[in-house]
Structures are given as C-alpha cells and as structure tokens.
file my_file-v8.txt (compact mmCIF, C-alpha atoms)
# COMPACT_ATOMS: atom_id res chain seq x y z
CA MET A 2 -23.30 31.35 281.16
CA SER A 3 -22.39 35.04 281.05
CA PRO A 4 -25.12 37.72 280.88
CA ILE A 5 -24.05 38.63 277.32
CA THR A 6 -24.23 35.00 276.17
CA ARG A 7 -27.63 34.59 277.84
CA LEU A 8 -28.94 37.72 276.12
CA VAL A 9 -27.74 36.62 272.66
CA THR A 10 -29.16 33.12 273.18
CA ALA A 11 -32.44 34.58 274.42
CA MET A 12 -32.67 36.73 271.30
CA LEU A 13 -32.33 33.60 269.12
CA VAL A 14 -35.14 31.91 271.04
CA PHE A 15 -37.29 35.04 270.92
CA ALA A 16 -36.75 35.33 267.17
CA SER A 17 -37.70 31.71 266.60
CA SER A 18 -40.89 32.06 268.64
CA THR A 19 -41.84 35.31 266.91
CA ALA A 20 -41.32 33.68 263.53
CA PHE A 21 -44.28 31.43 264.38
CA ILE A 22 -46.56 34.46 264.53
CA GLN A 23 -45.30 35.75 261.19
CA ALA A 24 -45.54 32.29 259.54
CA SER A 25 -49.09 31.70 260.75
CA SER A 26 -50.47 33.72 257.83
CA LEU A 27 -48.74 31.57 255.17
CA PRO A 28 -51.05 29.55 252.90
CA ALA A 29 -49.32 26.23 253.63
CA PRO A 30 -47.00 24.85 256.30
CA VAL A 31 -43.34 25.54 255.72
CA VAL A 32 -40.88 22.85 256.80
CA VAL A 33 -37.31 23.95 257.40
CA SER A 34 -34.60 21.34 257.69
CA THR A 35 -31.93 22.02 260.29
CA SER A 36 -29.91 18.89 259.61
CA SER A 37 -27.23 20.85 257.76
CA ALA A 38 -27.18 23.84 260.10
CA PRO A 39 -23.96 24.56 261.99
CA GLN A 40 -24.25 23.13 265.49
CA ALA A 41 -23.28 26.47 266.99
CA PHE A 42 -26.66 27.86 265.86
CA LEU A 43 -28.83 25.02 267.14
CA VAL A 44 -30.26 26.25 270.43
CA ASN A 45 -30.95 23.88 273.31
CA LYS A 46 -33.79 25.73 275.02
CA GLU A 47 -33.65 23.44 278.06
CA ALA A 48 -30.09 24.60 278.78
CA ILE A 49 -30.99 28.29 278.93
CA PRO A 50 -31.26 29.73 282.45
CA PRO A 51 -34.48 31.71 283.05
CA MET A 52 -34.25 35.31 281.86
CA THR A 53 -34.73 38.20 284.21
CA PRO A 54 -37.45 40.69 283.17
CA GLU A 55 -34.69 43.14 282.19
CA GLU A 56 -33.00 40.57 279.93
CA GLU A 57 -36.31 39.61 278.32
CA HIS A 58 -37.10 43.25 277.63
CA ALA A 59 -33.63 43.86 276.16
CA ALA A 60 -33.86 40.79 273.93
CA ALA A 61 -37.26 41.75 272.54
CA LYS A 62 -36.31 45.40 272.09
CA HIS A 63 -33.14 44.45 270.23
CA PHE A 64 -35.05 42.02 268.00
CA PHE A 65 -37.65 44.57 266.92
CA GLU A 66 -35.16 47.43 266.47
CA LYS A 67 -32.86 45.33 264.30
CA ARG A 68 -35.71 44.17 262.08
CA GLY A 69 -37.38 47.56 261.94
CA VAL A 70 -40.53 45.95 263.32
CA GLY A 71 -42.76 47.49 265.92
CA SER A 72 -41.62 51.09 265.79
CA ILE A 73 -44.02 53.53 267.45
CA VAL A 74 -44.46 57.16 266.40
CA LYS A 75 -44.08 59.43 269.42
CA SER A 76 -43.29 62.81 267.86
CA CYS A 77 -43.69 64.81 264.67
CA ARG A 78 -40.99 64.70 262.03
CA MET A 79 -41.89 68.20 260.91
CA ASP A 80 -40.26 70.82 263.13
CA ASN A 81 -42.33 73.64 264.58
CA SER A 82 -45.50 71.56 264.42
CA ILE A 83 -47.90 70.08 266.94
CA ALA A 84 -50.47 67.38 266.29
CA ILE A 85 -53.28 67.65 268.82
CA THR A 86 -55.05 64.30 269.17
CA PHE A 87 -58.32 63.36 270.83
CA ASP A 88 -58.98 59.86 272.16
CA ASP A 89 -62.05 57.86 273.21
CA GLY A 90 -64.74 59.63 271.18
CA PRO A 91 -66.97 60.27 269.46
CA PHE A 92 -69.19 61.71 272.16
CA VAL A 93 -71.70 64.46 272.82
CA PHE A 94 -69.00 67.16 273.04
CA THR A 95 -67.28 66.30 269.76
CA SER A 96 -69.65 68.29 267.56
CA ASP A 97 -69.04 71.54 269.46
CA LEU A 98 -65.31 70.82 269.42
CA LEU A 99 -65.50 70.60 265.62
CA ASP A 100 -67.15 74.05 265.61
CA THR A 101 -64.15 75.42 267.53
CA LEU A 102 -61.68 73.76 265.18
CA ASP A 103 -63.52 75.23 262.21
CA ARG A 104 -63.34 78.73 263.70
CA GLU A 105 -59.64 78.34 264.43
CA ASN A 106 -59.02 76.79 261.00
CA VAL A 107 -56.94 73.92 262.36
CA LYS A 108 -56.98 70.19 261.69
CA VAL A 109 -56.53 67.52 264.37
CA THR A 110 -56.59 63.75 264.71
CA PHE A 111 -59.39 61.75 266.32
CA PHE A 112 -58.57 58.26 267.61
CA VAL A 113 -62.08 56.86 267.77
CA ASN A 114 -63.68 53.87 269.46
CA GLY A 115 -66.74 51.91 268.44
CA GLN A 116 -68.03 51.51 271.97
CA ASN A 117 -66.60 53.51 274.86
CA VAL A 118 -68.14 56.47 276.69
CA GLY A 119 -70.33 56.87 273.63
CA ASN A 120 -71.44 54.53 270.86
CA ILE A 121 -70.20 55.23 267.34
CA TYR A 122 -73.59 54.23 265.91
CA SER A 123 -75.14 57.20 267.70
CA TYR A 124 -72.41 59.61 266.57
CA SER A 125 -71.63 58.38 263.07
CA GLY A 126 -72.72 61.71 261.62
CA ILE A 127 -70.12 63.52 263.73
CA VAL A 128 -67.37 61.14 262.56
CA LYS A 129 -68.40 61.75 258.95
CA ARG A 130 -68.39 65.50 259.53
CA ALA A 131 -64.88 65.39 261.03
CA TYR A 132 -63.61 63.31 258.12
CA ARG A 133 -65.17 65.54 255.48
CA SER A 134 -63.75 68.62 257.24
CA GLY A 135 -60.22 67.31 256.74
CA HIS A 136 -59.52 66.01 260.21
CA GLN A 137 -57.75 62.68 260.46
CA ILE A 138 -59.79 59.70 261.66
CA ALA A 139 -57.73 56.93 263.25
CA SER A 140 -58.41 53.75 265.21
CA HIS A 141 -58.44 53.36 268.99
CA THR A 142 -59.94 49.81 268.76
CA TRP A 143 -63.61 48.96 268.94
CA GLY A 144 -64.03 48.62 272.70
CA HIS A 145 -60.99 50.37 274.22
CA VAL A 146 -59.36 47.12 275.36
CA ASP A 147 -55.82 46.69 276.66
CA LEU A 148 -54.03 45.11 273.69
CA ALA A 149 -51.31 43.70 275.94
CA THR A 150 -53.87 41.37 277.52
CA VAL A 151 -55.87 39.94 274.59
CA SER A 152 -55.31 37.07 272.17
CA LEU A 153 -54.43 37.67 268.53
CA TYR A 154 -57.97 36.59 267.65
CA ASP A 155 -59.46 39.25 269.92
CA LEU A 156 -56.96 41.84 268.70
CA SER A 157 -57.95 41.13 265.11
CA SER A 158 -61.62 41.35 266.05
CA GLN A 159 -61.16 44.69 267.81
CA MET A 160 -59.35 46.24 264.86
CA ASN A 161 -61.43 44.75 262.06
CA ARG A 162 -64.79 45.54 263.62
CA LEU A 163 -63.97 49.25 263.85
CA ASP A 164 -62.23 49.32 260.46
CA ASN A 165 -65.23 47.73 258.79
CA TYR A 166 -67.68 50.18 260.32
CA LEU A 167 -65.52 53.16 259.35
CA LYS A 168 -65.31 51.74 255.83
CA ARG A 169 -69.10 51.61 255.81
CA ILE A 170 -69.64 55.23 256.83
CA LEU A 171 -66.50 56.90 255.40
CA GLY A 172 -65.57 54.64 252.51
CA VAL A 173 -62.04 54.10 253.90
CA ARG A 174 -60.23 52.27 256.69
CA PRO A 175 -57.66 54.05 258.86
CA VAL A 176 -53.96 53.23 258.66
CA PHE A 177 -53.11 55.03 261.89
CA MET A 178 -53.98 53.58 265.29
CA ARG A 179 -53.31 54.23 268.96
CA PRO A 180 -53.48 51.38 271.49
CA PRO A 181 -55.70 52.14 274.49
CA TYR A 182 -53.65 53.09 277.55
CA GLY A 183 -50.63 53.13 275.21
CA SER A 184 -50.36 49.44 276.08
CA LEU A 185 -48.94 46.72 273.81
CA ASN A 186 -46.93 43.55 274.15
CA TRP A 187 -44.47 42.18 271.57
CA GLN A 188 -47.10 39.94 270.00
CA SER A 189 -49.77 42.62 269.51
CA GLN A 190 -47.20 45.15 268.35
CA ASN A 191 -45.82 42.74 265.76
CA TRP A 192 -49.33 41.87 264.52
CA LEU A 193 -50.30 45.52 264.07
CA VAL A 194 -47.16 46.36 262.12
CA ASN A 195 -47.52 43.28 259.93
CA GLN A 196 -51.10 44.38 259.17
CA GLY A 197 -49.80 47.74 257.96
CA TYR A 198 -50.87 49.96 260.86
CA THR A 199 -48.90 53.01 261.93
CA ILE A 200 -48.84 52.95 265.74
CA VAL A 201 -49.01 56.38 267.37
CA ALA A 202 -48.17 57.37 270.94
CA TRP A 203 -47.46 60.92 272.21
CA ASN A 204 -44.81 63.12 273.79
CA ILE A 205 -47.18 65.58 275.47
CA ASP A 206 -49.62 64.00 277.91
CA THR A 207 -52.13 66.48 279.32
CA ASN A 208 -53.60 63.92 281.75
CA ASP A 209 -56.83 65.85 281.28
CA TRP A 210 -58.82 62.85 282.51
CA ARG A 211 -57.01 63.01 285.89
CA HIS A 212 -58.02 66.61 286.57
CA PRO A 213 -60.95 67.39 284.24
CA ASN A 214 -61.92 70.53 286.14
CA ASP A 215 -58.45 72.07 286.16
CA ILE A 216 -57.37 72.91 282.61
CA ASP A 217 -54.39 74.89 283.91
CA MET A 218 -52.73 71.65 284.98
CA SER A 219 -53.22 70.30 281.45
CA LEU A 220 -51.89 73.52 279.95
CA ASP A 221 -48.74 73.14 282.03
CA ALA A 222 -47.83 70.11 279.93
CA TYR A 223 -47.91 72.32 276.83
CA ARG A 224 -46.00 75.13 278.51
CA ARG A 225 -43.21 72.77 279.52
CA ALA A 226 -42.92 71.33 276.02
CA LEU A 227 -43.57 74.31 273.75
CA GLY A 228 -42.15 77.04 275.95
CA GLY A 229 -38.66 75.62 276.32
CA SER A 230 -35.53 76.80 274.56
CA GLY A 231 -35.27 75.28 271.10
CA ALA A 232 -38.80 73.86 271.23
CA ARG A 233 -39.55 75.08 267.71
CA ASP A 234 -36.81 72.82 266.40
CA HIS A 235 -38.99 69.85 267.34
CA GLY A 236 -42.43 68.44 266.63
CA PHE A 237 -44.96 67.28 269.18
CA ILE A 238 -47.93 64.93 269.46
CA ALA A 239 -50.32 65.80 272.28
CA LEU A 240 -52.95 63.63 273.97
CA GLU A 241 -56.39 64.93 274.98
CA HIS A 242 -59.89 63.42 275.26
CA ASP A 243 -62.97 64.79 273.50
CA THR A 244 -65.16 62.83 275.91
CA LEU A 245 -64.50 65.54 278.52
CA GLY A 246 -66.58 68.70 278.38
CA THR A 247 -63.87 70.88 279.89
CA THR A 248 -61.38 69.65 277.30
CA ALA A 249 -63.75 70.30 274.40
CA TYR A 250 -64.94 73.73 275.57
CA LYS A 251 -61.97 75.16 277.48
CA LEU A 252 -58.73 73.23 277.11
CA ALA A 253 -58.75 72.75 273.33
CA PRO A 254 -59.35 76.46 272.50
CA ALA A 255 -56.72 77.51 275.06
CA VAL A 256 -54.16 75.05 273.67
CA ILE A 257 -54.70 76.15 270.09
CA LYS A 258 -54.27 79.79 271.08
CA TYR A 259 -51.13 79.04 273.09
CA ALA A 260 -49.57 76.90 270.34
CA LYS A 261 -50.19 79.57 267.72
CA ASN A 262 -48.77 82.29 269.99
CA GLN A 263 -45.63 80.17 270.41
CA GLY A 264 -45.29 80.00 266.64
CA PHE A 265 -46.37 76.38 266.18
CA LYS A 266 -48.50 75.05 263.35
CA VAL A 267 -51.39 72.83 264.48
CA VAL A 268 -51.72 69.85 262.11
CA THR A 269 -52.81 66.22 261.95
CA VAL A 270 -50.48 63.38 262.86
CA GLY A 271 -50.28 62.33 259.22
CA THR A 272 -49.33 65.83 258.12
CA CYS A 273 -46.66 66.21 260.79
CA LEU A 274 -45.09 62.97 259.51
CA GLY A 275 -44.93 64.38 256.00
CA GLN A 276 -47.81 62.32 254.60
CA SER A 277 -50.67 63.36 252.34
CA PRO A 278 -54.27 62.51 253.33
CA SER A 279 -54.33 59.63 250.84
CA GLN A 280 -51.70 57.87 252.97
CA TRP A 281 -53.81 58.05 256.14
CA TYR A 282 -56.32 55.51 254.85
CA ARG A 283 -56.76 52.36 252.79
CA SER A 284 -59.71 50.94 250.90
call {"tool": "encode", "arguments": {"input": "my_file-v8.txt", "output": "structure tokens"}}
result
Amino acid sequence: MSPITRLVTAMLVFASSTAFIQASSLPAPVVVSTSSAPQAFLVNKEAIPPMTPEEEHAAAKHFFEKRGVGSIVKSCRMDNSIAITFDDGPFVFTSDLLDTLDRENVKVTFFVNGQNVGNIYSYSGIVKRAYRSGHQIASHTWGHVDLATVSLYDLSSQMNRLDNYLKRILGVRPVFMRPPYGSLNWQSQNWLVNQGYTIVAWNIDTNDWRHPNDIDMSLDAYRRALGGSGARDHGFIALEHDTLGTTAYKLAPAVIKYAKNQGFKVVTVGTCLGQSPSQWYRS
C-alpha cells in the first residue's frame, strides 16, 4: 500500500473514530446501515498497516482543517495590536498589576485557574475587580492539568468547575480558554470546540517563568517580534504569568511602555480578534 493510500485510508478511520466522540452527546443511539454503501468506501481496519507518528499527525491535521474543527488562535487579526495575556493567576501580585494597568489605561486578558499557585476562593475579589475594570477573564482550567493526558470526563470536570465558579462571582462563563502548557490532543481539542470554546495560544513567549529574575531576556522576545520590519502589519498575542513578582512589577510595565513606543495598541484577545465584550462570555 502506497504512503498516499495509507494516509487517505487512515483519515477515513480517524474520521469514523472521531465521529463516536461527536455522536456521544446525541439523545438516542443512531444506527447507520452500510449495506448499500459502495464497497470502495468500506474500510477493513485489519488490513491497514500501522501508521507512523508522522502519518497519524498528518491524517488528524487534515481531518480537523477540512472540517474547520479544532482551530487555535495564535495571533491577533487586528494589525498593529498586541494582546498581553497572563496565565496561572490569580495570585498575590495580581492586585498590584491591576493598579499598573489602570495607570497605563490598557486592558489585558487573564487566563485564570481555580487552584494553582493561588486559590481562586482567596482571590475572588481580585478576579471581580479585573472583570469590572474591563479586562478579559478566560479559562485556564480549574487545576492546571495537561489536557492531552486526561479523559473526557476529567476534561469536562476541569472546565465546568471553573466555569461554574466564575458564573457565581461574575455572572458569566468565559468563552475563551487556554490549555495549560499549550497541550491538547485531538480528542480534547475536538471536545473544547464542540462545547463552543475559543482556544487561544500565543506567538510571543516571554518564558518569564524560566528566568524570573532577568526581565531583559523576556523583553528580548518582544523586541524580536515588535521591532522587526513590517511588524506593525501584524498582531501579536504574548504570554506572561502574573504569579511572578518580577513580571507583575517590572516586566509588565516595561512591556507596555515598549509596545506603546513601537506604535502598538495594547488590547484584550477578544478585542484583537474584532469581538465586543459580549462575545467573550456566555450565561
């Protein structure tokens, strides 16, 4: 069997297995008769040679791209904009970071956890303050788990537990989410999209957690992205962590100043995608 034939056949098998996930939410079993199907489309799974990892990746990627399922936002659609995002909070430094954002008159996006470095119960007032100030509140799961390693039941639990608590304190549930570690598999990615989440990654990674006492290394990521020729013809999503004191007190103010000096507008992820605040949440 040629590599092309194997890839096409693998895509048919992948599609059939993925259909099980999508059909699992139907109210009653659906029986499909294949007795009248052309024999050319009936796949004998036993006859398929094992796929290489590269072929499996290509089959899954092709399946999701063709169906428009599983797309991940990695950059802003609005040129000359940058969405600065903060993961893993809320924490003790978040309140002072909000003071800085107020002084600079900019809005950012917080991808919050329920239980991580801090506990959202202890910092619920800070989350409410950020929301009421016009910053975007988004999900980073309840317990910062790797979504490529958990069952659909655990994935649902992680998302719903945080959504329900945010609904309790804010009155809304977030539409936007970021998977911890940027990690997903096909199953978790498909589930999130089918549940209506907008999955957000980044195209500027400060790696502030790797060198928390050296903000210049984090600033280099911004200089490379925003300082290049034609940079203002693009939009950027940057990753930082408000659980780090040096990020909250030094890096964030320096980044905002640098972005403004380069002529960029600092906005939320939702804004840089052309959405109004009402589209960032659901009831």
call {"tool": "residues_around", "arguments": {"input": "my_file-v8.txt", "residues": "range 222-227 of chain A", "least_positions_apart": "4", "cutoff": "10 Å", "atoms": "only C-alpha atoms", "output": "VMD selection string"}}
result
chain A and resid 81 to 83 204 to 208 217 to 218 231 to 233 235 to 237 239 256 259 to 260 263 to 265
call {"tool": "closest_residue", "arguments": {"input": "my_file-v8.txt", "among": "A:Met79, A:Leu171, A:Val267, A:Val93", "to": "Ser123 in chain A", "atoms": "all atoms listed in the file"}}
result
A:Val93
call {"tool": "residues_around", "arguments": {"input": "my_file-v8.txt", "residues": "Ile85 in chain A", "least_positions_apart": "4", "cutoff": "12 Å", "atoms": "only C-alpha atoms", "output": "JSON list (two decimals) with C-alpha atoms, keeping the file's coordinate frame"}}
result
[["chain", "number", "residue", "atom", "x", "y", "z"],
["A", 76, "SER", "CA", -43.29, 62.81, 267.86],
["A", 77, "CYS", "CA", -43.69, 64.81, 264.67],
["A", 102, "LEU", "CA", -61.68, 73.76, 265.18],
["A", 107, "VAL", "CA", -56.94, 73.92, 262.36],
["A", 108, "LYS", "CA", -56.98, 70.19, 261.69],
["A", 109, "VAL", "CA", -56.53, 67.52, 264.37],
["A", 110, "THR", "CA", -56.59, 63.75, 264.71],
["A", 111, "PHE", "CA", -59.39, 61.75, 266.32],
["A", 112, "PHE", "CA", -58.57, 58.26, 267.61],
["A", 136, "HIS", "CA", -59.52, 66.01, 260.21],
["A", 137, "GLN", "CA", -57.75, 62.68, 260.46],
["A", 202, "ALA", "CA", -48.17, 57.37, 270.94],
["A", 203, "TRP", "CA", -47.46, 60.92, 272.21],
["A", 204, "ASN", "CA", -44.81, 63.12, 273.79],
["A", 205, "ILE", "CA", -47.18, 65.58, 275.47],
["A", 206, "ASP", "CA", -49.62, 64.00, 277.91],
["A", 207, "THR", "CA", -52.13, 66.48, 279.32],
["A", 223, "TYR", "CA", -47.91, 72.32, 276.83],
["A", 236, "GLY", "CA", -42.43, 68.44, 266.63],
["A", 237, "PHE", "CA", -44.96, 67.28, 269.18],
["A", 238, "ILE", "CA", -47.93, 64.93, 269.46],
["A", 239, "ALA", "CA", -50.32, 65.80, 272.28],
["A", 240, "LEU", "CA", -52.95, 63.63, 273.97],
["A", 241, "GLU", "CA", -56.39, 64.93, 274.98],
["A", 242, "HIS", "CA", -59.89, 63.42, 275.26],
["A", 243, "ASP", "CA", -62.97, 64.79, 273.50],
["A", 248, "THR", "CA", -61.38, 69.65, 277.30],
["A", 252, "LEU", "CA", -58.73, 73.23, 277.11],
["A", 253, "ALA", "CA", -58.75, 72.75, 273.33],
["A", 254, "PRO", "CA", -59.35, 76.46, 272.50],
["A", 256, "VAL", "CA", -54.16, 75.05, 273.67],
["A", 257, "ILE", "CA", -54.70, 76.15, 270.09],
["A", 260, "ALA", "CA", -49.57, 76.90, 270.34],
["A", 265, "PHE", "CA", -46.37, 76.38, 266.18],
["A", 266, "LYS", "CA", -48.50, 75.05, 263.35],
["A", 267, "VAL", "CA", -51.39, 72.83, 264.48],
["A", 268, "VAL", "CA", -51.72, 69.85, 262.11],
["A", 269, "THR", "CA", -52.81, 66.22, 261.95],
["A", 270, "VAL", "CA", -50.48, 63.38, 262.86],
["A", 271, "GLY", "CA", -50.28, 62.33, 259.22],
["A", 272, "THR", "CA", -49.33, 65.83, 258.12],
["A", 273, "CYS", "CA", -46.66, 66.21, 260.79]]
call {"tool": "atom_distance", "arguments": {"input": "my_file-v8.txt", "atom1": "CA of Thr86 in chain A", "atom2": "CA of Leu167 in chain A"}}
result
18.2 Å
call {"tool": "residues_around", "arguments": {"input": "my_file-v8.txt", "residues": "Val128 in chain A", "least_positions_apart": "4", "cutoff": "7 Å", "atoms": "all atoms listed in the file", "output": "PyMOL selection string"}}
result
chain A and resi 91+124+132
call {"tool": "write_last_selection", "arguments": {"input": "my_file-v8.txt", "atoms": "C-alpha atoms", "output": "compact mmCIF listing (two decimals), in the frame of the given file"}}
result
# COMPACT_ATOMS: atom_id res chain seq x y z
CA PRO A 91 -66.97 60.27 269.46
CA TYR A 124 -72.41 59.61 266.57
CA TYR A 132 -63.61 63.31 258.12
call {"tool": "residues_around", "arguments": {"input": "my_file-v8.txt", "residues": "range 148-165 of chain A", "least_positions_apart": "6", "cutoff": "7 Å", "atoms": "all atoms listed in the file", "output": "ChimeraX atom specification"}}
result
/A:115,142,174-175,180,184-186,189
call {"tool": "atom_distance", "arguments": {"input": "my_file-v8.txt", "atom1": "CA of Leu98 in chain A", "atom2": "CA of Tyr166 in chain A"}}
result
22.7 Å
call {"tool": "atom_distance", "arguments": {"input": "my_file-v8.txt", "atom1": "CA of Gly275 in chain A", "atom2": "CA of Lys75 in chain A"}}
result
14.3 Å
call {"tool": "axis_aligned_box", "arguments": {"input": "my_file-v8.txt", "around": "range 190-194 of chain A", "padding_each_side": "8 Å", "output": "lines of an AutoDock Vina configuration file"}}
result
center_x = -48.1
center_y = 44.1
center_z = 265.2
size_x = 20.5
size_y = 20.5
size_z = 22.2
call {"tool": "residues_near_point", "arguments": {"input": "my_file-v8.txt", "point": "(-69.2, 60.1, 266.2)", "cutoff": "9 Å", "atoms": "all atoms listed in the file", "output": "ChimeraX atom specification"}}
result
/A:90-93,95-96,113-115,119-131
call {"tool": "closest_residue", "arguments": {"input": "my_file-v8.txt", "among": "A:Asp89, A:Asn262, A:Gly197, A:Lys168", "to": "Val146 in chain A", "atoms": "all atoms listed in the file"}}
result
A:Asp89
call {"tool": "decode", "arguments": {"input": "my_file-v8.txt", "residues": "range 146-161 of chain A", "atoms": "N, CA and C atoms", "output": "mmCIF file, in the first residue's frame"}}
result
data_model
loop_
_atom_site.group_PDB
_atom_site.id
_atom_site.type_symbol
_atom_site.label_atom_id
_atom_site.label_comp_id
_atom_site.auth_asym_id
_atom_site.auth_seq_id
_atom_site.Cartn_x
_atom_site.Cartn_y
_atom_site.Cartn_z
ATOM 1 N N VAL A 146 -4.209 21.296 34.619
ATOM 2 C CA VAL A 146 -3.840 19.941 34.211
ATOM 3 C C VAL A 146 -3.499 19.908 32.722
ATOM 4 N N ASP A 147 -2.708 18.931 32.340
ATOM 5 C CA ASP A 147 -2.352 18.719 30.936
ATOM 6 C C ASP A 147 -3.536 18.050 30.237
ATOM 7 N N LEU A 148 -4.213 18.763 29.357
ATOM 8 C CA LEU A 148 -5.438 18.265 28.737
ATOM 9 C C LEU A 148 -5.183 17.197 27.686
ATOM 10 N N ALA A 149 -3.925 16.946 27.368
ATOM 11 C CA ALA A 149 -3.597 15.852 26.453
ATOM 12 C C ALA A 149 -3.513 14.519 27.183
ATOM 13 N N THR A 150 -3.637 14.546 28.501
ATOM 14 C CA THR A 150 -3.428 13.333 29.294
ATOM 15 C C THR A 150 -4.655 12.896 30.083
ATOM 16 N N VAL A 151 -5.761 13.648 30.013
ATOM 17 C CA VAL A 151 -6.924 13.335 30.844
ATOM 18 C C VAL A 151 -8.068 12.779 30.003
ATOM 19 N N SER A 152 -9.001 12.121 30.660
ATOM 20 C CA SER A 152 -10.190 11.600 29.990
ATOM 21 C C SER A 152 -11.146 12.745 29.675
ATOM 22 N N LEU A 153 -12.130 12.473 28.821
ATOM 23 C CA LEU A 153 -13.137 13.489 28.526
ATOM 24 C C LEU A 153 -13.933 13.844 29.774
ATOM 25 N N TYR A 154 -14.143 12.870 30.653
ATOM 26 C CA TYR A 154 -14.845 13.156 31.909
ATOM 27 C C TYR A 154 -14.049 14.163 32.742
ATOM 28 N N ASP A 155 -12.748 13.938 32.884
ATOM 29 C CA ASP A 155 -11.920 14.844 33.670
ATOM 30 C C ASP A 155 -11.786 16.202 32.992
ATOM 31 N N LEU A 156 -11.712 16.214 31.666
ATOM 32 C CA LEU A 156 -11.663 17.476 30.933
ATOM 33 C C LEU A 156 -12.921 18.281 31.195
ATOM 34 N N SER A 157 -14.071 17.624 31.093
ATOM 35 C CA SER A 157 -15.335 18.307 31.356
ATOM 36 C C SER A 157 -15.381 18.842 32.779
ATOM 37 N N SER A 158 -14.897 18.048 33.728
ATOM 38 C CA SER A 158 -14.892 18.468 35.123
ATOM 39 C C SER A 158 -14.010 19.692 35.332
ATOM 40 N N GLN A 159 -12.834 19.677 34.735
ATOM 41 C CA GLN A 159 -11.904 20.807 34.854
ATOM 42 C C GLN A 159 -12.511 22.101 34.317
ATOM 43 N N MET A 160 -13.154 22.015 33.173
ATOM 44 C CA MET A 160 -13.718 23.211 32.556
ATOM 45 C C MET A 160 -14.974 23.676 33.284
ATOM 46 N N ASN A 161 -15.853 22.746 33.589
ATOM 47 C CA ASN A 161 -17.127 23.122 34.201
ATOM 48 C C ASN A 161 -16.970 23.651 35.618
#
